[in-house]
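Asker: Following this line is structure-v7.cif, made up of mmCIF, N, CA and C atoms and all ligand atoms:
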```cif
data_target
loop_
_atom_site.label_atom_id
_atom_site.label_comp_id
_atom_site.auth_asym_id
_atom_site.auth_seq_id
_atom_site.Cartn_x
_atom_site.Cartn_y
_atom_site.Cartn_z
N MET A 1 15.63 -12.29 15.35
CA MET A 1 16.71 -11.32 15.40
C MET A 1 16.18 -9.89 15.37
N GLN A 2 16.94 -8.96 15.94
CA GLN A 2 16.48 -7.58 15.95
C GLN A 2 17.02 -6.82 14.75
N ALA A 3 16.25 -5.81 14.31
CA ALA A 3 16.72 -4.97 13.21
C ALA A 3 17.74 -3.96 13.74
N ALA A 4 18.48 -3.36 12.82
CA ALA A 4 19.46 -2.35 13.22
C ALA A 4 18.80 -1.24 14.01
N SER A 5 19.45 -0.78 15.06
CA SER A 5 18.89 0.29 15.89
C SER A 5 19.68 1.58 15.66
N ALA A 6 19.30 2.63 16.41
CA ALA A 6 20.01 3.91 16.27
C ALA A 6 21.47 3.74 16.68
N GLN A 7 21.73 2.83 17.66
CA GLN A 7 23.10 2.61 18.10
C GLN A 7 23.86 1.73 17.09
N ASP A 8 23.10 1.01 16.28
CA ASP A 8 23.67 0.03 15.35
C ASP A 8 23.05 0.33 13.98
N PRO A 9 23.46 1.45 13.35
CA PRO A 9 22.73 1.93 12.18
C PRO A 9 22.81 1.00 10.98
N PHE A 10 21.78 1.06 10.18
CA PHE A 10 21.72 0.27 8.95
C PHE A 10 22.75 0.81 7.97
N VAL A 11 23.52 -0.08 7.37
CA VAL A 11 24.57 0.36 6.44
C VAL A 11 24.46 -0.37 5.11
N GLY A 12 24.92 0.27 4.05
CA GLY A 12 25.04 -0.38 2.75
C GLY A 12 23.71 -0.71 2.10
N ARG A 13 23.71 -1.77 1.31
CA ARG A 13 22.52 -2.23 0.59
C ARG A 13 21.97 -1.16 -0.34
N VAL A 14 22.87 -0.40 -0.95
CA VAL A 14 22.44 0.71 -1.81
C VAL A 14 21.64 0.20 -3.00
N THR A 15 22.12 -0.86 -3.64
CA THR A 15 21.43 -1.40 -4.82
C THR A 15 20.05 -1.93 -4.44
N GLU A 16 20.01 -2.66 -3.32
CA GLU A 16 18.74 -3.25 -2.89
C GLU A 16 17.73 -2.17 -2.51
N ARG A 17 18.22 -1.13 -1.82
CA ARG A 17 17.31 -0.04 -1.42
C ARG A 17 16.80 0.70 -2.65
N ALA A 18 17.66 0.84 -3.66
CA ALA A 18 17.23 1.51 -4.89
C ALA A 18 16.15 0.68 -5.59
N ALA A 19 16.31 -0.65 -5.57
CA ALA A 19 15.31 -1.52 -6.20
C ALA A 19 13.98 -1.40 -5.46
N LEU A 20 14.02 -1.37 -4.13
CA LEU A 20 12.78 -1.20 -3.37
C LEU A 20 12.16 0.16 -3.64
N ALA A 21 13.00 1.18 -3.74
CA ALA A 21 12.48 2.53 -4.02
C ALA A 21 11.80 2.57 -5.39
N GLU A 22 12.38 1.88 -6.34
CA GLU A 22 11.79 1.84 -7.68
C GLU A 22 10.43 1.14 -7.63
N GLY A 23 10.36 0.02 -6.94
CA GLY A 23 9.09 -0.70 -6.80
C GLY A 23 8.06 0.14 -6.07
N PHE A 24 8.50 0.82 -5.03
CA PHE A 24 7.58 1.65 -4.24
C PHE A 24 7.03 2.80 -5.10
N ALA A 25 7.90 3.39 -5.89
CA ALA A 25 7.46 4.49 -6.76
C ALA A 25 6.44 3.99 -7.78
N SER A 26 6.68 2.81 -8.34
CA SER A 26 5.73 2.24 -9.31
C SER A 26 4.39 1.98 -8.62
N ALA A 27 4.46 1.43 -7.40
CA ALA A 27 3.22 1.16 -6.67
C ALA A 27 2.46 2.45 -6.39
N CYS A 28 3.21 3.48 -5.99
CA CYS A 28 2.56 4.77 -5.70
C CYS A 28 1.93 5.35 -6.97
N ALA A 29 2.48 4.99 -8.13
CA ALA A 29 1.95 5.48 -9.40
C ALA A 29 0.78 4.62 -9.88
N GLY A 30 0.43 3.57 -9.12
CA GLY A 30 -0.77 2.80 -9.44
C GLY A 30 -0.53 1.39 -9.97
N SER A 31 0.72 1.00 -10.13
CA SER A 31 0.98 -0.37 -10.60
C SER A 31 0.96 -1.34 -9.43
N ALA A 32 0.57 -2.58 -9.73
CA ALA A 32 0.68 -3.64 -8.73
C ALA A 32 2.12 -4.15 -8.78
N VAL A 33 2.80 -4.11 -7.65
CA VAL A 33 4.22 -4.46 -7.62
C VAL A 33 4.48 -5.48 -6.51
N VAL A 34 5.27 -6.47 -6.82
CA VAL A 34 5.75 -7.40 -5.80
C VAL A 34 7.27 -7.31 -5.77
N CYS A 35 7.82 -7.00 -4.62
CA CYS A 35 9.28 -7.02 -4.45
C CYS A 35 9.62 -8.21 -3.56
N CYS A 36 10.39 -9.11 -4.06
CA CYS A 36 10.76 -10.30 -3.30
C CYS A 36 12.17 -10.12 -2.73
N VAL A 37 12.27 -10.14 -1.41
CA VAL A 37 13.58 -10.03 -0.75
C VAL A 37 13.94 -11.42 -0.27
N GLU A 38 14.96 -11.99 -0.85
CA GLU A 38 15.31 -13.35 -0.47
C GLU A 38 16.80 -13.47 -0.21
N GLY A 39 17.16 -14.44 0.60
CA GLY A 39 18.57 -14.65 0.91
C GLY A 39 18.71 -15.58 2.09
N PRO A 40 19.91 -15.98 2.39
CA PRO A 40 20.14 -16.91 3.50
C PRO A 40 19.70 -16.32 4.84
N ALA A 41 19.47 -17.21 5.81
CA ALA A 41 19.08 -16.78 7.14
C ALA A 41 20.11 -15.80 7.71
N GLY A 42 19.59 -14.69 8.24
CA GLY A 42 20.46 -13.73 8.93
C GLY A 42 21.21 -12.78 8.02
N ILE A 43 20.92 -12.82 6.72
CA ILE A 43 21.69 -11.99 5.78
C ILE A 43 21.28 -10.51 5.87
N GLY A 44 20.07 -10.26 6.43
CA GLY A 44 19.63 -8.87 6.58
C GLY A 44 18.37 -8.52 5.81
N LYS A 45 17.52 -9.49 5.53
CA LYS A 45 16.28 -9.24 4.78
C LYS A 45 15.33 -8.34 5.55
N THR A 46 15.06 -8.71 6.81
CA THR A 46 14.14 -7.93 7.62
C THR A 46 14.69 -6.53 7.87
N ALA A 47 15.98 -6.45 8.17
CA ALA A 47 16.60 -5.14 8.42
C ALA A 47 16.50 -4.25 7.19
N LEU A 48 16.69 -4.82 6.02
CA LEU A 48 16.59 -4.05 4.78
C LEU A 48 15.19 -3.49 4.60
N VAL A 49 14.19 -4.34 4.75
CA VAL A 49 12.81 -3.88 4.55
C VAL A 49 12.44 -2.84 5.60
N ARG A 50 12.84 -3.09 6.85
CA ARG A 50 12.51 -2.12 7.91
C ARG A 50 13.19 -0.78 7.67
N ALA A 51 14.45 -0.83 7.26
CA ALA A 51 15.17 0.43 7.01
C ALA A 51 14.51 1.17 5.85
N PHE A 52 14.11 0.42 4.83
CA PHE A 52 13.46 1.06 3.70
C PHE A 52 12.12 1.68 4.12
N LEU A 53 11.31 0.91 4.83
CA LEU A 53 9.99 1.41 5.22
C LEU A 53 10.09 2.60 6.17
N ALA A 54 11.14 2.63 6.99
CA ALA A 54 11.31 3.75 7.92
C ALA A 54 11.49 5.05 7.15
N GLY A 55 12.01 4.97 5.94
CA GLY A 55 12.20 6.17 5.13
C GLY A 55 11.08 6.41 4.15
N ALA A 56 10.12 5.49 4.08
CA ALA A 56 9.02 5.65 3.13
C ALA A 56 7.98 6.62 3.69
N ALA A 57 7.13 7.15 2.83
CA ALA A 57 6.13 8.12 3.25
C ALA A 57 5.24 7.52 4.33
N SER A 58 5.10 8.22 5.46
CA SER A 58 4.27 7.69 6.53
C SER A 58 2.82 7.70 6.12
N GLY A 59 2.08 6.73 6.62
CA GLY A 59 0.66 6.63 6.29
C GLY A 59 0.40 5.88 5.00
N ALA A 60 1.45 5.67 4.20
CA ALA A 60 1.25 5.00 2.91
C ALA A 60 1.49 3.50 3.00
N VAL A 61 1.98 3.04 4.14
CA VAL A 61 2.43 1.66 4.22
C VAL A 61 1.77 0.93 5.39
N VAL A 62 1.25 -0.23 5.13
CA VAL A 62 0.87 -1.14 6.21
C VAL A 62 1.65 -2.43 5.99
N SER A 63 1.99 -3.09 7.05
CA SER A 63 2.79 -4.30 6.87
C SER A 63 2.22 -5.46 7.68
N ALA A 64 2.53 -6.64 7.23
CA ALA A 64 2.13 -7.86 7.92
C ALA A 64 3.25 -8.86 7.75
N SER A 65 3.32 -9.81 8.63
CA SER A 65 4.36 -10.82 8.50
C SER A 65 3.80 -12.18 8.88
N GLY A 66 4.46 -13.19 8.42
CA GLY A 66 4.04 -14.54 8.75
C GLY A 66 5.22 -15.37 9.22
N ASP A 67 4.92 -16.37 9.98
CA ASP A 67 5.95 -17.26 10.48
C ASP A 67 5.51 -18.69 10.19
N GLU A 68 6.48 -19.54 9.95
CA GLU A 68 6.14 -20.93 9.62
C GLU A 68 5.24 -21.56 10.69
N ALA A 69 5.47 -21.17 11.94
CA ALA A 69 4.69 -21.74 13.03
C ALA A 69 3.22 -21.31 12.99
N GLU A 70 2.92 -20.29 12.17
CA GLU A 70 1.54 -19.75 12.11
C GLU A 70 0.78 -20.23 10.88
N THR A 71 1.31 -21.22 10.17
CA THR A 71 0.69 -21.60 8.90
C THR A 71 -0.72 -22.16 9.07
N THR A 72 -1.06 -22.61 10.27
CA THR A 72 -2.42 -23.14 10.46
C THR A 72 -3.38 -22.05 10.91
N LEU A 73 -2.87 -20.85 11.12
CA LEU A 73 -3.71 -19.73 11.56
C LEU A 73 -4.45 -19.16 10.35
N PRO A 74 -5.80 -19.29 10.30
CA PRO A 74 -6.50 -18.83 9.10
C PRO A 74 -6.50 -17.31 8.98
N TRP A 75 -6.34 -16.81 7.82
CA TRP A 75 -6.43 -15.39 7.49
C TRP A 75 -5.45 -14.54 8.29
N GLY A 76 -4.34 -15.10 8.71
CA GLY A 76 -3.41 -14.38 9.58
C GLY A 76 -2.89 -13.09 8.97
N VAL A 77 -2.38 -13.17 7.75
CA VAL A 77 -1.81 -11.97 7.13
C VAL A 77 -2.91 -10.96 6.79
N LEU A 78 -4.03 -11.46 6.26
CA LEU A 78 -5.13 -10.54 5.93
C LEU A 78 -5.65 -9.84 7.17
N SER A 79 -5.74 -10.56 8.28
CA SER A 79 -6.27 -9.92 9.49
C SER A 79 -5.29 -8.87 10.03
N GLN A 80 -3.98 -9.10 9.87
CA GLN A 80 -3.02 -8.06 10.28
C GLN A 80 -3.22 -6.79 9.44
N LEU A 81 -3.43 -6.98 8.15
CA LEU A 81 -3.63 -5.81 7.28
C LEU A 81 -4.93 -5.10 7.61
N ALA A 82 -6.00 -5.88 7.84
CA ALA A 82 -7.30 -5.28 8.17
C ALA A 82 -7.22 -4.50 9.47
N ARG A 83 -6.53 -5.07 10.46
CA ARG A 83 -6.39 -4.37 11.76
C ARG A 83 -5.65 -3.05 11.58
N ALA A 84 -4.64 -3.06 10.71
CA ALA A 84 -3.86 -1.83 10.50
C ALA A 84 -4.68 -0.79 9.75
N LEU A 85 -5.49 -1.24 8.79
CA LEU A 85 -6.22 -0.29 7.95
C LEU A 85 -7.53 0.17 8.58
N TRP A 86 -8.24 -0.79 9.21
CA TRP A 86 -9.56 -0.47 9.75
C TRP A 86 -9.69 -1.07 11.14
N PRO A 87 -9.03 -0.47 12.14
CA PRO A 87 -8.98 -1.08 13.47
C PRO A 87 -10.37 -1.37 14.04
N ALA A 88 -11.31 -0.45 13.88
CA ALA A 88 -12.63 -0.64 14.49
C ALA A 88 -13.37 -1.79 13.83
N SER A 89 -13.37 -1.83 12.49
CA SER A 89 -14.12 -2.89 11.82
C SER A 89 -13.46 -4.24 12.04
N ALA A 90 -12.13 -4.27 12.14
CA ALA A 90 -11.45 -5.54 12.38
C ALA A 90 -11.83 -6.09 13.75
N ARG A 91 -11.98 -5.18 14.73
CA ARG A 91 -12.41 -5.62 16.07
C ARG A 91 -13.81 -6.21 16.01
N ARG A 92 -14.70 -5.53 15.25
CA ARG A 92 -16.09 -6.02 15.14
C ARG A 92 -16.10 -7.40 14.51
N CYS A 93 -15.29 -7.60 13.45
CA CYS A 93 -15.22 -8.92 12.79
C CYS A 93 -14.75 -9.97 13.78
N ALA A 94 -13.69 -9.66 14.53
CA ALA A 94 -13.15 -10.63 15.48
C ALA A 94 -14.20 -11.00 16.50
N ASN A 95 -14.97 -10.00 16.97
CA ASN A 95 -16.01 -10.27 17.97
C ASN A 95 -17.11 -11.15 17.40
N SER A 96 -17.50 -10.86 16.13
CA SER A 96 -18.60 -11.63 15.58
C SER A 96 -18.17 -13.04 15.22
N VAL A 97 -16.90 -13.23 14.86
CA VAL A 97 -16.42 -14.59 14.55
C VAL A 97 -16.15 -15.35 15.84
N GLY A 98 -15.48 -14.67 16.79
CA GLY A 98 -15.11 -15.36 18.03
C GLY A 98 -16.27 -15.34 18.95
N1 LIG A 101 22.70 -3.46 6.32
C1 LIG A 101 22.75 -3.66 7.66
N2 LIG A 101 23.25 -2.72 8.48
C2 LIG A 101 23.32 -2.95 9.81
N3 LIG A 101 22.88 -4.06 10.42
C3 LIG A 101 22.37 -5.02 9.65
C4 LIG A 101 22.26 -4.87 8.24
N4 LIG A 101 21.69 -6.00 7.72
C5 LIG A 101 21.45 -6.79 8.77
N5 LIG A 101 21.84 -6.21 9.92
C6 LIG A 101 21.75 -6.81 11.25
O1 LIG A 101 22.02 -8.20 11.10
C7 LIG A 101 21.13 -8.96 11.91
C8 LIG A 101 20.35 -9.95 11.05
O2 LIG A 101 19.51 -9.22 10.15
P1 LIG A 101 18.02 -9.66 9.85
O3 LIG A 101 17.30 -10.10 11.07
O4 LIG A 101 17.41 -8.55 9.06
O5 LIG A 101 18.26 -10.92 8.91
P2 LIG A 101 17.17 -11.79 8.16
O6 LIG A 101 17.74 -12.09 6.82
O7 LIG A 101 15.84 -11.13 8.19
O8 LIG A 101 17.18 -13.09 9.08
P3 LIG A 101 16.12 -14.30 9.07
O9 LIG A 101 16.44 -15.12 7.83
O10 LIG A 101 16.46 -15.05 10.32
O11 LIG A 101 14.74 -13.70 9.05
C9 LIG A 101 20.24 -7.96 12.63
O12 LIG A 101 20.79 -7.68 13.91
C10 LIG A 101 20.33 -6.72 11.77
O13 LIG A 101 20.11 -5.55 12.53
MG MG A 102 13.97 -11.81 8.92
#
```
Before anything else, please render the file you have as C-alpha cells.
Ligand SMILES: Nc1ncnc2c1ncn2[C@@H]1O[C@H](COP(=O)(O)OP(=O)(O)OP(=O)(O)O)[C@@H](O)[C@H]1O
Ligand SMILES: [Mg+2]

Answerer:
Amino acid sequence: MQAASAQDPFVGRVTERAALAEGFASACAGSAVVCCVEGPAGIGKTALVRAFLAGAASGAVVSASGDEAETTLPWGVLSQLARALWPASARRCANSVG
C-alpha cells in the first residue's frame, strides 16, 4: 500500500506521533529507544512512521524494512542500514562477498 501523499494528506494520530516524538527525543539525547508500531493490516502503521520521519531532522535518520518473503536473505536489514550510512564501503563489501 502507498503512504499518504500531498493530495491525500496524513491526518490525526496525534497521540501516536507524540509518542514517536518522545522516543525520538530520548534517542537524540543518547538513550537506546525502541518504538514498536503495531496494529491490524492497513491500519496506517507505515503511513504513521513515514509521516513522522518526514518531519524529523534530516540527516539524523536512516531506515530499513523487511518483508516476510525476505526472511531467507542474510543480513538484509543490516545491509540496508550500511548502504544508507556508508554507501562506498557497502559497495566494496558487496563486491568482495559477491
Ligand atoms: N493518518 C492517516 N492519514 C491519511 N492516510 C492514512 C493515514 N493512515 C493510513 N493512511 C492511508 O491508509 C492506507 C494504509 O496505510 P498503511 O499502508 O500505512 O497501513 P499499514 O498498517 O502499514 O498496512 P500493512 O499492515 O499492510 O503494512 C495508505 O493508503 C495510507 O496512506
Ligand atoms: Mg505497512

Asker: Rank A:Cys28, A:Ala47, A:Val14, A:Leu73 by their smallest atom-to-atom distance to ligand LIG 101 (chain A), using only C-alpha atoms and all ligand atoms, and report the top residue only.

Answerer: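 Looking at the shortest contact to ligand LIG 101 (chain A), the residue is A:Ala47.
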
Asker: Using all atoms listed in the file, which residues of the polymer chains come no farther than 7 Å from ligand MG 102 (chain A)? I'd like the answer as a list of chain:residue names.

Answerer: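 Based on all atoms listed in the file, ligand MG 102 (chain A) is surrounded within 7 Å by A:Met1, A:Gly42, A:Gly44, A:Lys45, A:Thr46, A:Ala47.
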
Asker: To one decimal place in Å, what is the distance between atom C of Gly66 of chain A and atom O8 of ligand LIG 101 (chain A)?

Answerer: 12.2 Å

Asker: Return as lines of an AutoDock Vina configuration file the centre and edge lengths, in Å with one decimal, of the box along x, y and z that encloses every atom of segment 71-82 of chain A in the file, padded by 8 Å per side.

Answerer:
```
center_x = -3.0
center_y = -13.8
center_z = 8.7
size_x = 24.6
size_y = 34.6
size_z = 21.6
```

Asker: What's the separation between atom N of Cys35 of chain A and atom C of Val11 of chain A, in Å to one decimal place?

Answerer: 20.4 Å

Asker: Quick one: distance from atom CA of Glu38 of chain A to atom O3 of ligand LIG 101 (chain A) in Å, one decimal?

Answerer: 12.2 Å

Asker: Counting only C-alpha atoms and all ligand atoms, which of A:Ala41, A:Ala29, A:Leu53, A:Ala21 gets nearest to ligand LIG 101 (chain A)?

Answerer: A:Ala41

Asker: Point out the residue among A:Val37, A:Gly23, A:Arg83, A:Pro74 with the least atom-to-atom distance to Val49 of chain A, counting all atoms listed in the file.

Answerer: A:Val37

Asker: Which is closer to ligand LIG 101 (chain A) than all the others in A:Cys36, A:Ala88, A:Ala56, A:Ile43, using only N, CA and C atoms and all ligand atoms?

Answerer: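 Of A:Cys36, A:Ala88, A:Ala56, A:Ile43, the one nearest ligand LIG 101 (chain A) is A:Ile43, counting only N, CA and C atoms and all ligand atoms.
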
Asker: With distances taken over only C-alpha atoms, which of A:Ala51, A:Val34, A:Val62, A:Ala57 is nearest to Gln80 of chain A?

Answerer: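 Among the listed residues, A:Val62 lies closest to Gln80 of chain A.
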
Asker: Which one is closest to ligand LIG 101 (chain A): A:Ser31, A:Ser65, A:Thr72, A:Ser26? Count only C-alpha atoms and all ligand atoms.

Answerer: A:Ser65
